[in-house]
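Below: entry.tsv (TSV, C-alpha atoms)
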chain	number	residue	atom	x	y	z
A	85	MET	CA	94.22	256.29	15.90
A	86	ILE	CA	96.25	253.21	16.84
A	87	ASP	CA	97.98	253.29	13.45
A	88	VAL	CA	98.84	256.99	13.84
A	89	ALA	CA	100.34	256.30	17.25
A	90	LEU	CA	102.35	253.39	15.82
A	91	VAL	CA	103.72	255.59	13.01
A	92	ILE	CA	104.76	258.29	15.51
A	93	THR	CA	106.49	255.67	17.69
A	94	SER	CA	108.32	254.30	14.64
A	95	LEU	CA	109.61	257.80	13.80
A	96	ALA	CA	110.88	258.16	17.37
A	97	ALA	CA	112.61	254.76	17.13
A	98	LEU	CA	114.26	255.85	13.87
A	99	LEU	CA	115.65	258.99	15.55
A	100	PHE	CA	117.12	256.84	18.34
A	101	VAL	CA	118.68	254.49	15.77
A	102	ALA	CA	120.20	257.49	13.94
A	103	ARG	CA	121.84	258.69	17.16
A	104	MET	CA	122.96	255.11	17.89
A	105	LEU	CA	124.74	254.92	14.53
A	106	ARG	CA	126.29	258.40	14.72
A	107	GLY	CA	127.62	258.15	18.26
A	108	PRO	CA	130.11	259.86	18.69
A	109	ALA	CA	131.02	258.38	22.09
A	110	LEU	CA	130.10	254.94	23.40
A	111	ALA	CA	128.05	256.78	26.05
A	112	ASP	CA	125.76	258.26	23.37
A	113	ARG	CA	125.15	254.82	21.91
A	114	VAL	CA	124.32	253.33	25.32
A	115	ILE	CA	121.93	256.21	26.09
A	116	SER	CA	120.18	255.84	22.76
A	117	VAL	CA	119.86	252.05	23.25
A	118	ASP	CA	118.17	252.80	26.59
A	119	GLY	CA	115.74	255.23	24.99
A	120	PHE	CA	115.22	252.91	22.03
A	121	VAL	CA	114.14	250.07	24.32
A	122	SER	CA	111.70	252.41	26.11
A	123	THR	CA	110.29	253.35	22.71
A	124	ILE	CA	109.95	249.67	21.80
A	125	VAL	CA	108.04	249.07	25.04
A	126	ILE	CA	105.69	251.92	24.08
A	127	GLY	CA	105.29	250.46	20.59
A	128	VAL	CA	104.52	246.95	21.84
A	129	THR	CA	101.95	248.38	24.26
A	130	ILE	CA	100.23	250.20	21.39
A	131	ALA	CA	100.40	247.05	19.23
A	132	SER	CA	98.72	245.03	21.99
A	133	VAL	CA	95.65	247.27	21.61
A	134	ARG	CA	95.43	246.75	17.85
A	135	PRO	CA	92.82	244.10	17.00
A	136	GLY	CA	94.28	241.13	15.16
A	137	SER	CA	97.90	241.99	15.90
A	138	GLY	CA	98.30	238.88	18.05
A	139	VAL	CA	100.39	240.73	20.66
A	140	VAL	CA	99.34	240.18	24.28
A	141	GLU	CA	99.95	242.59	27.14
A	142	SER	CA	102.24	240.09	28.89
A	143	THR	CA	104.77	240.64	26.09
A	144	VAL	CA	105.19	244.24	27.28
A	145	LEU	CA	106.20	243.02	30.75
A	146	VAL	CA	108.94	240.81	29.31
A	147	VAL	CA	110.30	243.55	27.03
A	148	ALA	CA	110.34	246.10	29.88
A	149	LEU	CA	112.24	243.75	32.20
A	150	GLY	CA	114.72	242.81	29.48
A	151	GLY	CA	115.30	246.50	28.73
A	152	PHE	CA	116.23	247.28	32.32
A	153	VAL	CA	118.68	244.38	32.51
A	154	GLY	CA	120.19	245.47	29.19
A	155	THR	CA	120.75	249.05	30.39
A	156	ALA	CA	122.35	247.83	33.63
A	157	ILE	CA	124.71	245.54	31.69
A	158	LEU	CA	125.66	248.30	29.23
A	159	ALA	CA	126.39	250.71	32.12
A	160	ARG	CA	128.67	248.07	33.66
A	161	PHE	CA	130.32	247.71	30.26
A	162	ILE	CA	131.16	251.44	30.09
A	163	GLU	CA	132.55	251.36	33.64
A	164	ARG	CA	134.86	248.46	32.79
A	165	ARG	CA	135.97	249.43	29.32
A	166	GLY	CA	136.13	253.20	29.47
A	167	SER	CA	134.88	255.60	26.83
B	177	MET	CA	80.15	255.00	27.07
B	178	GLY	CA	82.25	252.49	25.14
B	179	GLU	CA	82.93	254.92	22.27
B	180	VAL	CA	83.88	257.73	24.67
B	181	LEU	CA	86.40	255.44	26.42
B	182	ASP	CA	87.78	254.35	23.03
B	183	VAL	CA	88.32	257.96	21.91
B	184	VAL	CA	89.89	259.01	25.22
B	185	GLY	CA	92.11	255.91	25.09
B	186	GLY	CA	93.11	256.68	21.50
B	187	ILE	CA	94.06	260.25	22.42
B	188	ALA	CA	96.15	258.95	25.35
B	189	LEU	CA	97.90	256.52	22.99
B	190	ILE	CA	98.75	259.28	20.50
B	191	VAL	CA	99.95	261.71	23.19
B	192	GLY	CA	102.11	258.96	24.71
B	193	ALA	CA	103.61	258.21	21.29
B	194	LEU	CA	104.29	261.95	20.85
B	195	PHE	CA	106.29	261.91	24.10
B	196	ALA	CA	108.41	259.10	22.63
B	197	LEU	CA	108.93	261.22	19.51
B	198	LEU	CA	109.93	264.16	21.73
B	199	ALA	CA	112.58	261.95	23.35
B	200	GLY	CA	113.86	260.92	19.92
B	201	ILE	CA	114.14	264.55	18.81
B	202	GLY	CA	115.91	265.45	22.05
B	203	VAL	CA	118.42	262.62	21.73
B	204	HIS	CA	119.05	263.64	18.15
B	205	LYS	CA	119.48	267.38	18.77
B	206	PHE	CA	121.12	267.82	22.17
B	207	ARG	CA	124.87	268.31	22.22
B	208	ASP	CA	126.39	266.27	25.07
B	209	PRO	CA	125.69	262.84	26.64
B	210	PHE	CA	124.10	264.19	29.82
B	211	SER	CA	121.64	266.40	27.93
B	212	ARG	CA	120.78	263.46	25.72
B	213	MET	CA	120.28	261.29	28.78
B	214	HIS	CA	117.90	263.90	30.18
B	215	ALA	CA	115.81	263.61	27.01
B	216	ALA	CA	116.03	259.83	26.68
B	217	ALA	CA	115.14	259.00	30.28
B	218	LYS	CA	112.26	261.20	31.35
B	219	SER	CA	109.84	261.66	28.52
B	220	PRO	CA	109.51	257.98	27.42
B	221	THR	CA	108.54	257.15	31.02
B	222	LEU	CA	105.67	259.64	30.95
B	223	GLY	CA	104.85	258.44	27.43
B	224	LEU	CA	104.68	254.81	28.58
B	225	VAL	CA	102.42	255.72	31.52
B	226	LEU	CA	100.07	257.56	29.13
B	227	VAL	CA	100.15	254.66	26.64
B	228	THR	CA	99.35	252.09	29.33
B	229	ILE	CA	96.43	254.25	30.49
B	230	GLY	CA	95.22	254.49	26.90
B	231	ALA	CA	95.60	250.75	26.31
B	232	ALA	CA	93.78	249.95	29.56
B	233	LEU	CA	90.92	252.28	28.54
B	234	ARG	CA	90.61	250.51	25.19
B	235	ILE	CA	91.06	246.84	26.20
B	236	ARG	CA	88.96	246.98	29.42
B	237	THR	CA	89.51	243.45	30.72
B	238	PHE	CA	90.72	242.80	34.26
B	239	SER	CA	93.83	240.81	33.31
B	240	ALA	CA	94.93	243.41	30.76
B	241	ILE	CA	94.48	246.28	33.21
B	242	ALA	CA	96.41	244.39	35.91
B	243	THR	CA	99.28	243.60	33.53
B	244	LEU	CA	99.46	247.16	32.20
B	245	THR	CA	99.45	248.61	35.74
B	246	LEU	CA	102.33	246.29	36.55
B	247	VAL	CA	104.18	247.49	33.43
B	248	ALA	CA	103.72	251.16	34.40
B	249	ILE	CA	104.88	250.59	37.99
B	250	LEU	CA	107.84	248.53	36.79
B	251	GLN	CA	108.91	251.24	34.35
B	252	LEU	CA	108.56	253.95	37.00
B	253	LEU	CA	110.82	251.90	39.31
B	254	THR	CA	113.45	250.67	36.84
B	255	SER	CA	113.87	253.65	34.48
B	256	PRO	CA	115.46	256.01	37.10
B	257	VAL	CA	117.69	253.20	38.38
B	258	GLY	CA	118.91	252.29	34.90
B	259	THR	CA	119.53	255.92	33.98
B	260	HIS	CA	121.36	256.51	37.24
B	261	LEU	CA	123.64	253.54	36.50
B	262	ALA	CA	124.33	254.85	33.00
B	263	ALA	CA	124.92	258.42	34.24
B	264	ARG	CA	127.36	257.20	36.89
B	265	ALA	CA	129.28	255.13	34.34
B	266	VAL	CA	129.43	258.05	31.91
B	267	HIS	CA	130.58	260.44	34.65
B	268	LEU	CA	133.32	258.03	35.71
B	269	ARG	CA	134.63	257.20	32.26
B	270	VAL	CA	133.78	259.91	29.73
B	271	LYS	CA	135.04	263.50	29.85
B	272	VAL	CA	131.97	265.60	29.14
B	273	PRO	CA	132.44	269.37	28.79
B	274	GLN	CA	130.36	271.15	31.43
B	275	ASP	CA	129.00	274.68	31.60
B	276	GLY	CA	129.90	275.29	35.25
B	277	VAL	CA	131.82	273.50	37.98
B	278	ASP	CA	131.48	269.68	38.09
B	279	GLU	CA	129.81	269.39	41.50
B	280	LEU	CA	129.87	265.58	41.71
B	281	GLU	CA	133.61	265.47	41.06
B	282	ARG	CA	134.20	268.26	43.60
B	283	ASP	CA	132.13	266.48	46.27
B	284	GLU	CA	133.78	263.13	45.65
B	285	ALA	CA	137.24	264.70	45.88
B	286	ALA	CA	136.37	266.33	49.23
Encoded form (structure tokens):
Amino acid sequence: MIDVALVITSLAALLFVARMLRGPALADRVISVDGFVSTIVIGVTIASVRPGSGVVESTVLVVALGGFVGTAILARFIERRGS
Amino acid sequence: MGEVLDVVGGIALIVGALFALLAGIGVHKFRDPFSRMHAAAKSPTLGLVLVTIGAALRIRTFSAIATLTLVAILQLLTSPVGTHLAARAVHLRVKVPQDGVDELERDEAA
């Protein structure tokens, strides 16, 4: 069940990466980075359940905080640079 | 009891992952940045809450449950703020075609 969930999360991450590469505007890329980080947080949480994966729950906390800071910085970047 | 919690936790993990997939499909299919933002912001948050519940049901130690609760609360607080920042930046800088009247622009002009 954990492996199934991990495969589904990986598919979701691939869809976000596809949108990130295709754009077309900078806004689309920033939005997909935001969603991609949320998907990574979900994936790390699932991996922390998997026995023998070596991932601890505290990792999730760090990734979630880093994701928020990243989104805030990217939003600032759009405001400064324009489309 | 243990097996029941494991199965319920596993189902919560899979449903949470499906919400992430839903967000990916939405971001891939929708046609303008605001629609994509709608898909990318809401459903991963619900997915993460479900996944943390599932993980807590499967790990069942106090420190893990405390950390995962913290993660869920943190995501519920930061995800709307981050999306609001991104939406504001996009509205200021990118011309997005809209179906009706742009109410934010109208209100800011007034």
Residue list for chain B near chain A as a PyMOL selection string, 7 Å, all atoms listed in the file: chain B and resi 186+189-190+193-194+196-197+200-201+203-204+209+213+216-217+220+224+227-228+231+234-235+240+243-244+247+251+254+258+261-262+265-266+269-270
Generate a file of the selected residues that holds C-alpha atoms, formatted as a compact mmCIF listing (two decimals), in the coordinates of the input.
# COMPACT_ATOMS: atom_id res chain seq x y z
CA GLY B 186 93.11 256.68 21.50
CA LEU B 189 97.90 256.52 22.99
CA ILE B 190 98.75 259.28 20.50
CA ALA B 193 103.61 258.21 21.29
CA LEU B 194 104.29 261.95 20.85
CA ALA B 196 108.41 259.10 22.63
CA LEU B 197 108.93 261.22 19.51
CA GLY B 200 113.86 260.92 19.92
CA ILE B 201 114.14 264.55 18.81
CA VAL B 203 118.42 262.62 21.73
CA HIS B 204 119.05 263.64 18.15
CA PRO B 209 125.69 262.84 26.64
CA MET B 213 120.28 261.29 28.78
CA ALA B 216 116.03 259.83 26.68
CA ALA B 217 115.14 259.00 30.28
CA PRO B 220 109.51 257.98 27.42
CA LEU B 224 104.68 254.81 28.58
CA VAL B 227 100.15 254.66 26.64
CA THR B 228 99.35 252.09 29.33
CA ALA B 231 95.60 250.75 26.31
CA ARG B 234 90.61 250.51 25.19
CA ILE B 235 91.06 246.84 26.20
CA ALA B 240 94.93 243.41 30.76
CA THR B 243 99.28 243.60 33.53
CA LEU B 244 99.46 247.16 32.20
CA VAL B 247 104.18 247.49 33.43
CA GLN B 251 108.91 251.24 34.35
CA THR B 254 113.45 250.67 36.84
CA GLY B 258 118.91 252.29 34.90
CA LEU B 261 123.64 253.54 36.50
CA ALA B 262 124.33 254.85 33.00
CA ALA B 265 129.28 255.13 34.34
CA VAL B 266 129.43 258.05 31.91
CA ARG B 269 134.63 257.20 32.26
CA VAL B 270 133.78 259.91 29.73
CA of Gly185 in chain B to CA of Thr237 in chain B, distance in Å rounded to a single decimal: 13.9 Å
Point-to-point distance from CA of Asp208 in chain B to CA of Leu105 in chain A, Å rounded to tenths: 15.6 Å
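In this comparison, which uses all atoms listed in the file, the residue of B:Val225, B:Leu181, B:Leu280, B:Ala188 approaching Ile249 in chain B most closely is B:Val225.
One finds CA of Ala248 in chain B at 25.0 Å from CA of Met177 in chain B.
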Centre and edge lengths of an axis-aligned box around all listed atoms of range 88-92 of chain A, with 8 Å added on each side, are to be given in Å to one decimal, as JSON.
{"center_x": 101.8, "center_y": 255.8, "center_z": 15.1, "size_x": 21.9, "size_y": 20.9, "size_z": 20.2}
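Shortest separation to His267 in chain B among B:Phe210, B:Asp283, B:Val184, B:Ser239 occurs at residue B:Phe210, atoms counted being only C-alpha atoms.
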Could you rebuild range 144-164 of chain A with N, CA and C atoms and give it back as a PDB file, keeping the file's coordinate frame?
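The resulting file, rebuild-v5.pdb, is shown below:
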ATOM      1  N   VAL A 144     104.645 242.950  26.869  1.00  0.00           N
ATOM      2  CA  VAL A 144     105.190 244.240  27.280  1.00  0.00           C
ATOM      3  C   VAL A 144     106.020 244.080  28.547  1.00  0.00           C
ATOM      4  N   LEU A 145     105.512 243.252  29.472  1.00  0.00           N
ATOM      5  CA  LEU A 145     106.200 243.020  30.750  1.00  0.00           C
ATOM      6  C   LEU A 145     107.586 242.451  30.499  1.00  0.00           C
ATOM      7  N   VAL A 146     107.660 241.467  29.599  1.00  0.00           N
ATOM      8  CA  VAL A 146     108.940 240.810  29.310  1.00  0.00           C
ATOM      9  C   VAL A 146     109.905 241.809  28.687  1.00  0.00           C
ATOM     10  N   VAL A 147     109.420 242.596  27.701  1.00  0.00           N
ATOM     11  CA  VAL A 147     110.300 243.550  27.030  1.00  0.00           C
ATOM     12  C   VAL A 147     110.808 244.594  28.015  1.00  0.00           C
ATOM     13  N   ALA A 148     109.931 245.074  28.920  1.00  0.00           N
ATOM     14  CA  ALA A 148     110.340 246.100  29.880  1.00  0.00           C
ATOM     15  C   ALA A 148     111.422 245.573  30.811  1.00  0.00           C
ATOM     16  N   LEU A 149     111.226 244.328  31.308  1.00  0.00           N
ATOM     17  CA  LEU A 149     112.240 243.750  32.200  1.00  0.00           C
ATOM     18  C   LEU A 149     113.568 243.557  31.471  1.00  0.00           C
ATOM     19  N   GLY A 150     113.496 243.016  30.257  1.00  0.00           N
ATOM     20  CA  GLY A 150     114.720 242.810  29.480  1.00  0.00           C
ATOM     21  C   GLY A 150     115.444 244.117  29.218  1.00  0.00           C
ATOM     22  N   GLY A 151     114.681 245.195  28.978  1.00  0.00           N
ATOM     23  CA  GLY A 151     115.300 246.500  28.730  1.00  0.00           C
ATOM     24  C   GLY A 151     116.081 246.995  29.922  1.00  0.00           C
ATOM     25  N   PHE A 152     115.523 246.817  31.120  1.00  0.00           N
ATOM     26  CA  PHE A 152     116.230 247.280  32.320  1.00  0.00           C
ATOM     27  C   PHE A 152     117.534 246.524  32.509  1.00  0.00           C
ATOM     28  N   VAL A 153     117.465 245.189  32.349  1.00  0.00           N
ATOM     29  CA  VAL A 153     118.680 244.380  32.510  1.00  0.00           C
ATOM     30  C   VAL A 153     119.723 244.803  31.475  1.00  0.00           C
ATOM     31  N   GLY A 154     119.270 245.054  30.242  1.00  0.00           N
ATOM     32  CA  GLY A 154     120.190 245.470  29.190  1.00  0.00           C
ATOM     33  C   GLY A 154     120.896 246.777  29.529  1.00  0.00           C
ATOM     34  N   THR A 155     120.123 247.776  30.034  1.00  0.00           N
ATOM     35  CA  THR A 155     120.750 249.050  30.390  1.00  0.00           C
ATOM     36  C   THR A 155     121.765 248.874  31.504  1.00  0.00           C
ATOM     37  N   ALA A 156     121.421 248.051  32.514  1.00  0.00           N
ATOM     38  CA  ALA A 156     122.350 247.830  33.630  1.00  0.00           C
ATOM     39  C   ALA A 156     123.641 247.199  33.119  1.00  0.00           C
ATOM     40  N   ILE A 157     123.515 246.221  32.210  1.00  0.00           N
ATOM     41  CA  ILE A 157     124.710 245.540  31.690  1.00  0.00           C
ATOM     42  C   ILE A 157     125.554 246.516  30.871  1.00  0.00           C
ATOM     43  N   LEU A 158     124.903 247.353  30.047  1.00  0.00           N
ATOM     44  CA  LEU A 158     125.660 248.300  29.230  1.00  0.00           C
ATOM     45  C   LEU A 158     126.383 249.324  30.101  1.00  0.00           C
ATOM     46  N   ALA A 159     125.734 249.762  31.213  1.00  0.00           N
ATOM     47  CA  ALA A 159     126.390 250.710  32.120  1.00  0.00           C
ATOM     48  C   ALA A 159     127.635 250.078  32.731  1.00  0.00           C
ATOM     49  N   ARG A 160     127.510 248.799  33.159  1.00  0.00           N
ATOM     50  CA  ARG A 160     128.670 248.070  33.660  1.00  0.00           C
ATOM     51  C   ARG A 160     129.781 248.035  32.612  1.00  0.00           C
ATOM     52  N   PHE A 161     129.358 247.817  31.366  1.00  0.00           N
ATOM     53  CA  PHE A 161     130.320 247.710  30.260  1.00  0.00           C
ATOM     54  C   PHE A 161     131.114 249.004  30.115  1.00  0.00           C
ATOM     55  N   ILE A 162     130.436 250.155  30.177  1.00  0.00           N
ATOM     56  CA  ILE A 162     131.160 251.440  30.090  1.00  0.00           C
ATOM     57  C   ILE A 162     132.133 251.556  31.252  1.00  0.00           C
ATOM     58  N   GLU A 163     131.673 251.210  32.470  1.00  0.00           N
ATOM     59  CA  GLU A 163     132.550 251.360  33.640  1.00  0.00           C
ATOM     60  C   GLU A 163     133.806 250.522  33.479  1.00  0.00           C
ATOM     61  N   ARG A 164     133.691 249.325  32.914  1.00  0.00           N
ATOM     62  CA  ARG A 164     134.860 248.460  32.790  1.00  0.00           C
ATOM     63  C   ARG A 164     135.771 248.904  31.660  1.00  0.00           C
TER      64      ARG A 164
END
